[in-house]
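Accompanying notes for the structure given below.
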Amino acid sequence: MELEKVLLSRKSCRKFTDKAVELDKLEKVVVSASLAPLGLPRMCTPMLTVVTEKELLAGLKGIYDAPAVIIVSCPPSPAPGIGDQNAACVVEMMSLMATDLGLGNIYLYGVTANLQGDADMKAKLEIPENFTPLAALALGYGEEDVAVCKEFVNKLNVVRK
Ligand SMILES: Cc1cc2nc3c(=O)[nH]c(=O)nc-3n(C[C@H](O)[C@H](O)[C@H](O)COP(=O)(O)O)c2cc1C
């Protein structure tokens, strides 16, 4: 897809079918994450946890029964907010790649907020203790096909000086 078409097709998917995501598609989504810009890349490198095991998915709250979830966790950052910003860049890259591959997807904060207070689940997912889950992408085949659903109009306040 052309970039503009991908941007106009990306929207949050909250209804997934049971169909599993093919491994090669998951791999492309994972690789897209590594193309994201990162602040303090050597000190604040995010780690990804790709969850597709049903038992583990069942322990995650707020993922809309998606068949795959990629959790982005970061180590403590020497500069405030860098981990959150890195996680956001990574998730958005993955979201656009998933959209391009025809996968429904949604950026999620809630699941990671829950995980932050759930040491057992963090351990089951093998997220190191000093890493904080900050953002996630749920993905799968949506009940609706991915298609252009928006117009190219500005919705934000923009000050031009
Ligand atoms: C930082 C961030 C956190 C979000 N967290 C959640 C979440 O926990 N649960 C949820 O259902 N949607 C979450 N969303 C999705 C937003 O609700 C959604 O992107 C917004 O309503 C715009 O809709 P669209 O993605 O279809 O354009 C989050 C989005 C962002 C960018």
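Labels used: A, B, ... for chains in the order of the structure tokens, numbers from 1 for residues in each chain, and numbers from 1 for ligands as shown.
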Could I get the residues of chain A with an atom no further than 6 Å from an atom of ligand 1, each paired with its nearest atom pair and that distance in Å to one decimal, using only C-alpha atoms and all ligand atoms, sorted by chain and residue number, as a tab-separated table?
```
residue	atom	partner	partner_atom_place_in_ligand_line	distance
A:Lys11	CA	ligand 1	26 (O)	3.5
A:Ser12	CA	ligand 1	26 (O)	3.8
A:Tyr107	CA	ligand 1	28 (C)	4.8
A:Leu108	CA	ligand 1	5 (N)	3.7
A:Tyr109	CA	ligand 1	5 (N)	3.9
A:Gly110	CA	ligand 1	8 (O)	3.5
```
* Asked: Got a sec to tell me which of range 6-148 of chain A DSSP assigns to strand (DSSP E), as a ChimeraX atom specification?
  -> /A:47-51,68-74,104-108,132-140
* To do: Can you work out the spacing between CA of Gly83 in chain A and CA of Leu139 in chain A in Å, to one decimal?
  => 22.1 Å
* To do: Compile the contact shell of Ile71 in chain A as a list in words: residues with an atom at most 7 Å away, counting only C-alpha atoms, same-chain residues fewer than 2 positions apart removed.
  =>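 Contacts, in chain order: Leu48, Thr49, Val50, Val69, Ser73, Pro133, Ala135, Ala136 and Leu137 of chain A.
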* Could you pull the residues within 9 Å of Ser77 in chain A, counting only C-alpha atoms, minus those fewer than 5 positions along the same chain, as a PyMOL selection string? -> chain A and resi 40+43-44+82-83
